[in-house]
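Student: Handing over entry_9.txt, compact mmCIF, C-alpha atoms and all ligand atoms.
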```txt
# COMPACT_ATOMS: atom_id res chain seq x y z
CA MET A 1028 86.35 -88.78 91.41
CA LYS A 1029 87.60 -92.27 92.14
CA VAL A 1030 88.24 -94.79 89.36
CA GLY A 1031 88.69 -98.55 89.70
CA VAL A 1032 90.65 -100.60 87.17
CA VAL A 1033 90.31 -104.39 87.27
CA GLY A 1034 93.24 -106.19 85.64
CA LEU A 1035 96.60 -104.41 85.42
CA GLY A 1036 98.05 -106.09 82.33
CA ALA A 1037 99.19 -104.09 79.31
CA MET A 1038 95.81 -102.37 78.84
CA GLY A 1039 94.73 -102.04 82.48
CA SER A 1040 98.03 -100.61 83.67
CA GLY A 1041 97.99 -98.16 80.74
CA ILE A 1042 94.49 -97.05 81.77
CA ALA A 1043 95.52 -96.75 85.44
CA GLN A 1044 98.49 -94.68 84.29
CA LEU A 1045 96.16 -92.28 82.49
CA CYS A 1046 94.04 -91.96 85.65
CA VAL A 1047 97.08 -91.11 87.80
CA GLU A 1048 98.28 -88.64 85.18
CA ALA A 1049 94.85 -86.98 85.25
CA GLY A 1050 95.13 -86.64 89.05
CA LEU A 1051 92.34 -89.10 89.86
CA ASP A 1052 92.21 -91.38 92.89
CA THR A 1053 92.70 -94.82 91.37
CA VAL A 1054 92.31 -98.34 92.72
CA GLY A 1055 93.90 -101.06 90.61
CA ARG A 1056 93.04 -104.70 91.25
CA GLU A 1057 95.23 -107.63 90.27
CA VAL A 1058 95.03 -111.28 91.27
CA THR A 1059 98.36 -111.25 93.14
CA ALA A 1060 100.14 -108.49 95.06
CA ASP A 1061 103.24 -109.14 92.96
CA LEU A 1062 101.41 -108.43 89.67
CA GLY A 1063 99.99 -105.26 91.23
CA GLU A 1064 103.44 -104.15 92.31
CA ARG A 1065 104.88 -104.82 88.85
CA ALA A 1066 102.15 -102.72 87.23
CA ARG A 1067 102.86 -99.93 89.71
CA GLU A 1068 106.57 -100.02 88.80
CA ARG A 1069 105.77 -99.90 85.08
CA ILE A 1070 103.47 -96.93 85.57
CA GLY A 1071 106.10 -95.15 87.69
CA HIS A 1072 108.71 -95.84 85.00
CA PHE A 1073 106.65 -94.43 82.11
CA LEU A 1074 105.52 -91.36 84.07
CA THR A 1075 109.09 -90.67 85.21
CA ARG A 1076 110.26 -90.86 81.57
CA LYS A 1077 107.54 -88.38 80.65
CA VAL A 1078 108.74 -85.95 83.33
CA GLU A 1079 112.38 -86.41 82.25
CA LYS A 1080 111.39 -85.60 78.66
CA GLY A 1081 109.54 -82.45 79.80
CA LYS A 1082 106.14 -83.82 78.64
CA LEU A 1083 104.71 -83.84 82.17
CA GLU A 1084 105.43 -81.50 85.08
CA SER A 1085 104.93 -83.96 87.92
CA PHE A 1086 102.83 -86.89 89.05
CA ASP A 1087 101.74 -88.45 92.31
CA LEU A 1088 101.95 -92.24 92.27
CA ALA A 1089 100.32 -92.24 95.74
CA LEU A 1090 97.02 -91.64 93.91
CA LEU A 1091 97.21 -95.30 92.87
CA THR A 1092 96.33 -98.02 95.37
CA THR A 1093 96.82 -101.59 94.22
CA THR A 1094 94.87 -104.40 95.80
CA THR A 1095 93.92 -108.03 95.31
CA GLU A 1096 90.47 -107.45 96.86
CA LEU A 1097 87.55 -106.48 94.66
CA ALA A 1098 85.87 -105.14 97.82
CA ASP A 1099 88.36 -102.25 97.76
CA LEU A 1100 86.52 -100.90 94.70
CA ALA A 1101 83.36 -100.33 96.78
CA ASP A 1102 83.57 -96.53 96.80
CA CYS A 1103 84.65 -96.03 93.15
CA ASP A 1104 82.50 -93.86 90.88
CA LEU A 1105 83.46 -95.72 87.72
CA ILE A 1106 85.16 -99.07 87.28
CA ILE A 1107 86.95 -100.15 84.10
CA GLU A 1108 87.39 -103.87 83.54
CA ALA A 1109 90.47 -105.00 81.59
CA ILE A 1110 90.75 -108.70 82.45
CA VAL A 1111 91.08 -111.73 80.17
CA GLU A 1112 89.12 -111.41 76.90
CA GLU A 1113 86.57 -114.16 77.64
CA LEU A 1114 82.86 -113.78 78.17
CA GLY A 1115 82.45 -116.10 81.18
CA PRO A 1116 85.07 -114.50 83.45
CA LYS A 1117 83.91 -111.01 82.44
CA GLN A 1118 80.27 -111.80 83.24
CA GLU A 1119 81.26 -113.29 86.61
CA LEU A 1120 83.29 -110.19 87.40
CA PHE A 1121 80.44 -107.82 86.51
CA VAL A 1122 78.07 -109.77 88.77
CA GLU A 1123 80.60 -109.36 91.61
CA LEU A 1124 81.11 -105.68 90.85
CA GLU A 1125 77.37 -105.11 90.86
CA ARG A 1126 77.21 -106.64 94.34
CA ILE A 1127 80.19 -104.72 95.71
CA CYS A 1128 79.95 -101.28 94.12
CA ARG A 1129 77.60 -98.37 94.85
CA PRO A 1130 74.32 -98.64 92.87
CA ASP A 1131 75.16 -95.43 91.00
CA ALA A 1132 78.69 -96.57 90.01
CA VAL A 1133 79.24 -97.00 86.28
CA LEU A 1134 80.70 -100.34 85.17
CA ALA A 1135 82.77 -100.16 81.97
CA THR A 1136 84.45 -102.91 79.98
CA ASN A 1137 87.54 -102.44 77.82
CA THR A 1138 86.61 -105.46 75.70
CA SER A 1139 87.82 -105.23 72.10
CA ALA A 1140 85.69 -107.86 70.38
CA LEU A 1141 83.08 -109.20 72.81
CA SER A 1142 79.56 -107.82 73.08
CA VAL A 1143 79.11 -105.25 75.85
CA THR A 1144 75.39 -106.12 75.87
CA GLU A 1145 76.18 -109.79 76.53
CA ILE A 1146 78.55 -108.87 79.35
CA ALA A 1147 75.86 -106.59 80.83
CA SER A 1148 73.19 -109.27 80.48
CA ALA A 1149 74.68 -111.22 83.40
CA THR A 1150 73.88 -108.34 85.78
CA SER A 1151 70.54 -107.15 87.10
CA SER A 1152 71.46 -103.50 86.39
CA PRO A 1153 72.57 -103.56 82.72
CA GLU A 1154 71.74 -99.86 82.42
CA ARG A 1155 74.97 -98.96 84.20
CA VAL A 1156 77.20 -101.04 81.93
CA VAL A 1157 79.01 -99.41 78.98
CA GLY A 1158 82.11 -100.03 76.87
CA MET A 1159 85.27 -97.92 77.14
CA HIS A 1160 87.58 -99.34 74.51
CA PHE A 1161 91.15 -98.02 74.68
CA PHE A 1162 93.87 -98.70 72.11
CA ASN A 1163 97.28 -100.20 72.67
CA PRO A 1164 99.45 -98.60 74.04
CA ALA A 1165 96.66 -96.89 76.01
CA PRO A 1166 98.79 -94.01 77.33
CA LEU A 1167 99.92 -93.08 73.81
CA MET A 1168 96.90 -93.71 71.59
CA PRO A 1169 94.48 -90.75 71.67
CA LEU A 1170 91.28 -92.66 70.93
CA VAL A 1171 88.73 -94.20 73.26
CA GLU A 1172 85.52 -95.70 71.88
CA ILE A 1173 82.56 -95.10 74.20
CA VAL A 1174 80.22 -97.98 73.50
CA ARG A 1175 76.49 -97.84 74.11
CA ALA A 1176 75.09 -101.30 74.84
CA GLU A 1177 71.41 -102.03 74.18
CA LEU A 1178 70.35 -101.13 77.72
CA SER A 1179 73.03 -98.55 78.70
CA SER A 1180 71.54 -95.50 80.39
CA GLU A 1181 72.24 -92.01 79.14
CA ALA A 1182 73.80 -91.17 82.52
CA ALA A 1183 76.26 -94.09 82.38
CA PHE A 1184 77.18 -93.33 78.77
CA ASP A 1185 77.75 -89.64 79.54
CA ALA A 1186 79.86 -90.46 82.61
CA ALA A 1187 82.11 -92.73 80.53
CA TYR A 1188 82.42 -90.09 77.80
CA ALA A 1189 83.30 -87.43 80.40
CA LEU A 1190 85.95 -89.68 81.93
CA GLY A 1191 87.44 -90.28 78.47
CA GLU A 1192 87.79 -86.51 78.08
CA LYS A 1193 89.22 -86.11 81.58
CA LEU A 1194 91.89 -88.68 80.71
CA GLY A 1195 92.92 -86.48 77.79
CA LYS A 1196 91.55 -88.86 75.17
CA HIS A 1197 89.53 -88.22 72.05
CA PRO A 1198 86.30 -90.14 72.76
CA ILE A 1199 84.00 -91.24 69.98
CA ARG A 1200 80.45 -92.53 70.45
CA CYS A 1201 79.38 -95.84 68.98
CA HIS A 1202 76.94 -98.68 69.41
CA ASP A 1203 77.64 -102.23 70.49
CA THR A 1204 78.27 -103.80 67.09
CA PRO A 1205 81.01 -106.42 66.50
CA GLY A 1206 84.44 -104.73 66.61
CA PHE A 1207 82.76 -101.36 67.29
CA VAL A 1208 84.34 -98.88 64.83
CA VAL A 1209 88.11 -99.29 64.64
CA ASN A 1210 88.51 -103.04 65.05
CA ARG A 1211 85.70 -103.63 62.53
CA VAL A 1212 88.05 -102.02 60.01
CA LEU A 1213 91.49 -102.78 61.42
CA ILE A 1214 91.18 -106.50 62.12
CA PRO A 1215 90.29 -107.59 58.56
CA LEU A 1216 92.84 -105.10 57.26
CA LEU A 1217 95.64 -106.65 59.32
CA ASN A 1218 94.48 -110.12 58.22
CA ASP A 1219 94.69 -108.94 54.59
CA CYS A 1220 98.21 -107.66 55.24
CA VAL A 1221 99.30 -111.09 56.51
CA ARG A 1222 97.73 -112.83 53.50
CA VAL A 1223 99.71 -110.47 51.25
CA LEU A 1224 102.94 -111.63 52.94
CA ASP A 1225 102.49 -115.04 51.30
CA GLU A 1226 100.68 -113.98 48.12
CA ALA A 1227 103.22 -111.32 47.20
CA ARG A 1228 106.17 -113.27 48.65
CA VAL A 1229 107.23 -110.15 50.51
CA SER A 1230 109.19 -110.08 53.78
CA PRO A 1231 107.66 -108.62 56.97
CA GLU A 1232 110.31 -105.88 56.81
CA ASP A 1233 109.32 -104.91 53.26
CA LEU A 1234 105.58 -105.10 53.94
CA ASP A 1235 106.08 -102.86 56.99
CA ALA A 1236 108.19 -100.43 54.97
CA GLY A 1237 105.52 -100.47 52.26
CA MET A 1238 102.67 -99.53 54.58
CA LYS A 1239 104.77 -96.97 56.50
CA HIS A 1240 106.26 -95.22 53.51
CA GLY A 1241 103.46 -95.80 51.01
CA ALA A 1242 100.39 -95.40 53.18
CA GLY A 1243 101.64 -93.27 56.06
CA TRP A 1244 101.04 -95.85 58.81
CA PRO A 1245 102.97 -94.95 62.01
CA MET A 1246 104.15 -98.57 62.26
CA GLY A 1247 103.95 -101.45 59.80
CA PRO A 1248 101.29 -104.19 60.10
CA CYS A 1249 103.77 -106.85 61.30
CA GLU A 1250 105.21 -104.49 63.92
CA LEU A 1251 101.67 -103.61 64.97
CA LEU A 1252 100.62 -107.27 65.26
CA ASP A 1253 103.70 -107.90 67.40
CA LEU A 1254 102.70 -104.93 69.59
CA VAL A 1255 99.05 -105.95 69.97
CA GLY A 1256 99.97 -109.63 70.51
CA ILE A 1257 99.44 -112.31 67.86
CA ASP A 1258 97.32 -114.31 70.35
CA VAL A 1259 95.16 -111.28 71.15
CA HIS A 1260 94.67 -110.52 67.46
CA VAL A 1261 93.80 -114.15 66.57
CA HIS A 1262 91.33 -114.29 69.44
CA ALA A 1263 89.68 -111.01 68.36
CA SER A 1264 89.58 -112.17 64.71
CA GLU A 1265 87.85 -115.39 65.74
CA ALA A 1266 85.31 -113.49 67.85
CA LEU A 1267 84.47 -111.19 64.93
CA TYR A 1268 84.36 -114.07 62.45
CA ASP A 1269 81.93 -115.92 64.73
CA LYS A 1270 79.63 -112.92 64.72
CA LEU A 1271 79.94 -111.63 61.15
CA ARG A 1272 80.89 -114.70 59.11
CA GLU A 1273 82.96 -112.54 56.79
CA PRO A 1274 85.97 -114.52 55.47
CA ARG A 1275 88.31 -111.54 55.88
CA MET A 1276 87.61 -111.58 59.63
CA ALA A 1277 89.06 -115.09 60.02
CA ALA A 1278 92.69 -115.14 61.14
CA PRO A 1279 95.03 -116.41 58.39
CA PRO A 1280 96.50 -119.87 59.16
CA ARG A 1281 99.95 -118.32 59.42
CA LEU A 1282 98.84 -116.21 62.40
CA VAL A 1283 97.03 -119.13 64.04
CA ALA A 1284 100.22 -121.21 63.73
CA MET A 1285 102.27 -118.40 65.26
CA ALA A 1286 99.83 -118.10 68.17
CA ASN A 1287 99.89 -121.88 68.72
CA ALA A 1288 103.69 -121.83 68.75
CA GLY A 1289 103.82 -119.10 71.38
CA LEU A 1290 105.16 -116.50 68.94
CA TYR A 1291 103.02 -113.76 70.46
CA GLY A 1292 105.20 -110.80 69.51
CA ARG A 1293 106.84 -108.35 71.89
CA LYS A 1294 105.49 -109.85 75.08
CA SER A 1295 106.97 -113.30 74.38
CA GLY A 1296 110.16 -111.95 72.81
CA ARG A 1297 109.38 -113.29 69.32
CA GLY A 1298 106.68 -112.79 66.72
CA PHE A 1299 107.38 -111.51 63.21
CA TYR A 1300 110.46 -109.94 64.79
CA THR A 1301 112.74 -110.87 67.68
CA TYR A 1302 112.88 -108.53 70.69
N1 LIG B 1401 102.87 -97.06 78.13
C1 LIG B 1401 103.29 -95.84 78.41
N2 LIG B 1401 104.25 -95.22 77.78
C2 LIG B 1401 104.85 -95.88 76.80
C3 LIG B 1401 104.44 -97.17 76.45
C4 LIG B 1401 103.41 -97.76 77.15
N3 LIG B 1401 102.94 -98.98 76.88
N4 LIG B 1401 105.20 -97.58 75.44
C5 LIG B 1401 106.04 -96.59 75.19
N5 LIG B 1401 105.83 -95.57 76.02
C6 LIG B 1401 106.53 -94.31 76.11
C7 LIG B 1401 107.95 -94.57 76.29
O1 LIG B 1401 108.32 -93.90 77.47
C8 LIG B 1401 108.61 -94.00 75.06
O2 LIG B 1401 109.55 -93.06 75.37
P1 LIG B 1401 111.11 -93.45 75.68
O3 LIG B 1401 111.51 -94.51 74.69
O4 LIG B 1401 111.79 -92.16 75.45
O5 LIG B 1401 111.11 -93.90 77.08
C9 LIG B 1401 107.54 -93.20 74.38
O6 LIG B 1401 106.30 -93.61 74.93
C10 LIG B 1401 107.49 -93.47 72.92
O7 LIG B 1401 106.73 -92.43 72.45
P2 LIG B 1401 107.02 -91.83 71.06
O8 LIG B 1401 106.02 -90.75 70.87
O9 LIG B 1401 108.44 -91.53 70.91
O10 LIG B 1401 106.72 -93.10 70.16
P3 LIG B 1401 106.39 -93.13 68.68
O11 LIG B 1401 106.35 -91.79 68.08
O12 LIG B 1401 107.29 -94.16 68.14
O13 LIG B 1401 104.87 -93.68 68.68
C11 LIG B 1401 103.15 -95.25 68.83
C12 LIG B 1401 104.58 -94.89 69.25
C13 LIG B 1401 102.19 -94.22 69.41
C14 LIG B 1401 102.86 -96.62 69.46
C15 LIG B 1401 103.04 -95.24 67.29
O14 LIG B 1401 103.99 -96.07 66.74
C16 LIG B 1401 101.68 -95.69 66.82
O15 LIG B 1401 100.73 -94.92 66.77
N6 LIG B 1401 101.55 -96.98 66.42
C17 LIG B 1401 100.28 -97.58 66.03
C18 LIG B 1401 99.66 -98.22 67.23
C19 LIG B 1401 98.27 -98.72 66.95
O16 LIG B 1401 97.76 -98.71 65.85
N7 LIG B 1401 97.60 -99.20 68.03
C20 LIG B 1401 96.28 -99.73 67.93
C21 LIG B 1401 96.36 -101.19 68.03
S1 LIG B 1401 94.78 -101.94 67.82
C22 LIG B 1401 94.15 -102.00 69.36
O17 LIG B 1401 94.74 -101.60 70.33
C23 LIG B 1401 92.79 -102.54 69.47
C24 LIG B 1401 92.74 -103.68 70.43
O18 LIG B 1401 91.38 -103.97 70.66
C25 LIG B 1401 93.45 -104.94 69.95
```
What does this structure look like when you write it as structure tokens?
Tutor:
Amino acid sequence: MKVGVVGLGAMGSGIAQLCVEAGLDTVGREVTADLGERARERIGHFLTRKVEKGKLESFDLALLTTTTELADLADCDLIIEAIVEELGPKQELFVELERICRPDAVLATNTSALSVTEIASATSSPERVVGMHFFNPAPLMPLVEIVRAELSSEAAFDAAYALGEKLGKHPIRCHDTPGFVVNRVLIPLLNDCVRVLDEARVSPEDLDAGMKHGAGWPMGPCELLDLVGIDVHVHASEALYDKLREPRMAAPPRLVAMANAGLYGRKSGRGFYTY
């Protein structure tokens, strides 16, 4: 089986890493050769650490080809898109993929808050479009949501589910509703947590300690927002608010201000914490 991954940022490179680990031929596409090379180095680094720690016997990085040409995905069986979280660019990409890829290839999107059905609607073969929503960090989080869009075929859905299993994930089946399953719950919850920061006049450190030691979260909400990216979270909150009109979905002003100031969290070196 050959898998294509379009976009090798935090999510895409994590997904490509899972494919290599599962022994699958993988083609990763980035816009520049340099970005492709950096993703390859990151993947090599994490897999080497896993071998050093005795969690993985060996791996073959030669299974991963990086390219800047979408045409190199022509013979992939399943392609996972992990580019910028905007409808227009995703729709344009799916139209291109439909032109380039085999007619039986499954086209999956890793979108977290956009509609898979809307992405698929730009193509003339929406039956082969599904959602495969991974969680950050993709190599470590066991879940993948397999999302059935309005016109997804059974065959495409089953192929995505089977790939999720092959990658060692725990797939769950869901429909194309705003936020799917986890983000529908997690996004308003994280927004509530940030509102509590001000209401309860608590520090990020204490809120994080509270949720870790009082509710068993593996990391506190502020640490988690810094990991996900404040900009990514605000963007997803806005997308869900647009669709559901539930006040809890709207990003608190404090997060919007942080995003506007470039305090994105880990990736920019500063968010709630400094890295
Ligand atoms: N890719 C690959 N490997 C990575 C990695 C990455 N991005 N980041 C870390 N690692 C590796 C490192 O090699 C590290 O080992 P090293 O320090 O020895 O080199 C190792 O993983 C760390 O693994 P551990 O098991 O020791 O880490 P923890 O036990 O601390 O667990 C965690 C880390 C799994 C991230 C845990 O803290 C956790 O579950 N946090 C919650 C994360 C979460 O909720 N994510 C969901 C976000 S919401 C989302 O993604 C939805 C989206 O649509 C916005």
Student: If I put a ball of radius 10 Å at (97.4, -105.3, 70.3) in the file's coordinates, which residues poke into it when counting all atoms listed in the file, written as a short mmCIF file (atom, residue, chain, number, x, y, z; two decimals) with C-alpha atoms, keeping the file's coordinate frame?
Tutor:
```
data_model
loop_
_atom_site.label_atom_id
_atom_site.label_comp_id
_atom_site.auth_asym_id
_atom_site.auth_seq_id
_atom_site.Cartn_x
_atom_site.Cartn_y
_atom_site.Cartn_z
CA ALA A 1037 99.19 -104.09 79.31
CA MET A 1038 95.81 -102.37 78.84
CA SER A 1139 87.82 -105.23 72.10
CA PHE A 1162 93.87 -98.70 72.11
CA ASN A 1163 97.28 -100.20 72.67
CA PRO A 1164 99.45 -98.60 74.04
CA LEU A 1251 101.67 -103.61 64.97
CA LEU A 1252 100.62 -107.27 65.26
CA ASP A 1253 103.70 -107.90 67.40
CA LEU A 1254 102.70 -104.93 69.59
CA VAL A 1255 99.05 -105.95 69.97
CA GLY A 1256 99.97 -109.63 70.51
CA ILE A 1257 99.44 -112.31 67.86
CA ASP A 1258 97.32 -114.31 70.35
CA VAL A 1259 95.16 -111.28 71.15
CA HIS A 1260 94.67 -110.52 67.46
CA ALA A 1263 89.68 -111.01 68.36
CA GLY A 1292 105.20 -110.80 69.51
#
```
Student: Report, as AutoDock Vina command-line options, the axis-aligned box around all atoms of range 1254-1269 of chain A present in the file, extended by 5 Å on each side; give centre and edge lengths in Å to one decimal place.
Tutor:
```
--center_x 92.3 --center_y -110.4 --center_z 66.8 --size_x 30.8 --size_y 21.0 --size_z 18.7
```
Student: Residues within 9 Å of ligand LIG 1401 (chain B) should be enumerated using all atoms listed in the file and returned as a ChimeraX atom specification.
Tutor: /A:1037-1038,1040-1041,1044-1045,1069-1070,1072-1077,1079-1080,1137-1140,1160-1169,1206,1209-1210,1213-1214,1244-1248,1250-1252,1254-1256,1259-1260,1263
Student: Go ahead and save the residues from that selection, with C-alpha atoms, as a PDB file, in the coordinates of the input.
Tutor:
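Generated output (again.pdb):
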```pdb
ATOM      1  CA  ALA A1037      99.190-104.090  79.310  1.00  0.00           C
ATOM      2  CA  MET A1038      95.810-102.370  78.840  1.00  0.00           C
ATOM      3  CA  SER A1040      98.030-100.610  83.670  1.00  0.00           C
ATOM      4  CA  GLY A1041      97.990 -98.160  80.740  1.00  0.00           C
ATOM      5  CA  GLN A1044      98.490 -94.680  84.290  1.00  0.00           C
ATOM      6  CA  LEU A1045      96.160 -92.280  82.490  1.00  0.00           C
ATOM      7  CA  ARG A1069     105.770 -99.900  85.080  1.00  0.00           C
ATOM      8  CA  ILE A1070     103.470 -96.930  85.570  1.00  0.00           C
ATOM      9  CA  HIS A1072     108.710 -95.840  85.000  1.00  0.00           C
ATOM     10  CA  PHE A1073     106.650 -94.430  82.110  1.00  0.00           C
ATOM     11  CA  LEU A1074     105.520 -91.360  84.070  1.00  0.00           C
ATOM     12  CA  THR A1075     109.090 -90.670  85.210  1.00  0.00           C
ATOM     13  CA  ARG A1076     110.260 -90.860  81.570  1.00  0.00           C
ATOM     14  CA  LYS A1077     107.540 -88.380  80.650  1.00  0.00           C
ATOM     15  CA  GLU A1079     112.380 -86.410  82.250  1.00  0.00           C
ATOM     16  CA  LYS A1080     111.390 -85.600  78.660  1.00  0.00           C
ATOM     17  CA  ASN A1137      87.540-102.440  77.820  1.00  0.00           C
ATOM     18  CA  THR A1138      86.610-105.460  75.700  1.00  0.00           C
ATOM     19  CA  SER A1139      87.820-105.230  72.100  1.00  0.00           C
ATOM     20  CA  ALA A1140      85.690-107.860  70.380  1.00  0.00           C
ATOM     21  CA  HIS A1160      87.580 -99.340  74.510  1.00  0.00           C
ATOM     22  CA  PHE A1161      91.150 -98.020  74.680  1.00  0.00           C
ATOM     23  CA  PHE A1162      93.870 -98.700  72.110  1.00  0.00           C
ATOM     24  CA  ASN A1163      97.280-100.200  72.670  1.00  0.00           C
ATOM     25  CA  PRO A1164      99.450 -98.600  74.040  1.00  0.00           C
ATOM     26  CA  ALA A1165      96.660 -96.890  76.010  1.00  0.00           C
ATOM     27  CA  PRO A1166      98.790 -94.010  77.330  1.00  0.00           C
ATOM     28  CA  LEU A1167      99.920 -93.080  73.810  1.00  0.00           C
ATOM     29  CA  MET A1168      96.900 -93.710  71.590  1.00  0.00           C
ATOM     30  CA  PRO A1169      94.480 -90.750  71.670  1.00  0.00           C
ATOM     31  CA  GLY A1206      84.440-104.730  66.610  1.00  0.00           C
ATOM     32  CA  VAL A1209      88.110 -99.290  64.640  1.00  0.00           C
ATOM     33  CA  ASN A1210      88.510-103.040  65.050  1.00  0.00           C
ATOM     34  CA  LEU A1213      91.490-102.780  61.420  1.00  0.00           C
ATOM     35  CA  ILE A1214      91.180-106.500  62.120  1.00  0.00           C
ATOM     36  CA  TRP A1244     101.040 -95.850  58.810  1.00  0.00           C
ATOM     37  CA  PRO A1245     102.970 -94.950  62.010  1.00  0.00           C
ATOM     38  CA  MET A1246     104.150 -98.570  62.260  1.00  0.00           C
ATOM     39  CA  GLY A1247     103.950-101.450  59.800  1.00  0.00           C
ATOM     40  CA  PRO A1248     101.290-104.190  60.100  1.00  0.00           C
ATOM     41  CA  GLU A1250     105.210-104.490  63.920  1.00  0.00           C
ATOM     42  CA  LEU A1251     101.670-103.610  64.970  1.00  0.00           C
ATOM     43  CA  LEU A1252     100.620-107.270  65.260  1.00  0.00           C
ATOM     44  CA  LEU A1254     102.700-104.930  69.590  1.00  0.00           C
ATOM     45  CA  VAL A1255      99.050-105.950  69.970  1.00  0.00           C
ATOM     46  CA  GLY A1256      99.970-109.630  70.510  1.00  0.00           C
ATOM     47  CA  VAL A1259      95.160-111.280  71.150  1.00  0.00           C
ATOM     48  CA  HIS A1260      94.670-110.520  67.460  1.00  0.00           C
ATOM     49  CA  ALA A1263      89.680-111.010  68.360  1.00  0.00           C
TER      50      ALA A1263
END
```
Student: For Ala1288 in chain A, please output as a ChimeraX atom specification all residues within 12 Å (counting all atoms listed in the file; exclusion window: fewer than 6 positions along the same chain).
Tutor: /A:1257-1258,1281-1282,1295,1297-1298
Student: Taking C-alpha atoms for each residue, export the selection above as a PDB file, keeping the file's coordinate frame.
Tutor:
```
ATOM      1  CA  ILE A1257      99.440-112.310  67.860  1.00  0.00           C
ATOM      2  CA  ASP A1258      97.320-114.310  70.350  1.00  0.00           C
ATOM      3  CA  ARG A1281      99.950-118.320  59.420  1.00  0.00           C
ATOM      4  CA  LEU A1282      98.840-116.210  62.400  1.00  0.00           C
ATOM      5  CA  SER A1295     106.970-113.300  74.380  1.00  0.00           C
ATOM      6  CA  ARG A1297     109.380-113.290  69.320  1.00  0.00           C
ATOM      7  CA  GLY A1298     106.680-112.790  66.720  1.00  0.00           C
TER       8      GLY A1298
END
```
Student: What is the CA of Val1111 in chain A to CA of Gly1036 in chain A distance in Å?
Tutor: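 Those two atoms sit 9.2 Å apart.
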Student: I'd like the neighbourhood of Glu1096 in chain A as number ranges by chain, where a residue qualifies if any of its atoms comes within 9 Å (using all atoms listed in the file), though same-chain residues fewer than 3 positions away should be ignored.
Tutor: A: 1056-1058, 1099-1100
Student: With all atoms listed in the file as the atoms that count, which of A:Pro1130, A:Ala1098, A:Gly1237, A:Glu1064 lies nearest to Leu1224 in chain A?
Tutor: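 Using all atoms listed in the file, the shortest distance to Leu1224 in chain A belongs to A:Gly1237.
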Student: Can you measure CA of Arg1126 in chain A to CA of Glu1108 in chain A for me? One decimal in Å is fine.
Tutor: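 These atoms are spaced 15.1 Å apart.
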Student: Quick one: distance from CA of Asp1102 in chain A to CA of Glu1145 in chain A in Å, one decimal?
Tutor: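 Distance between the two atoms: 25.3 Å.
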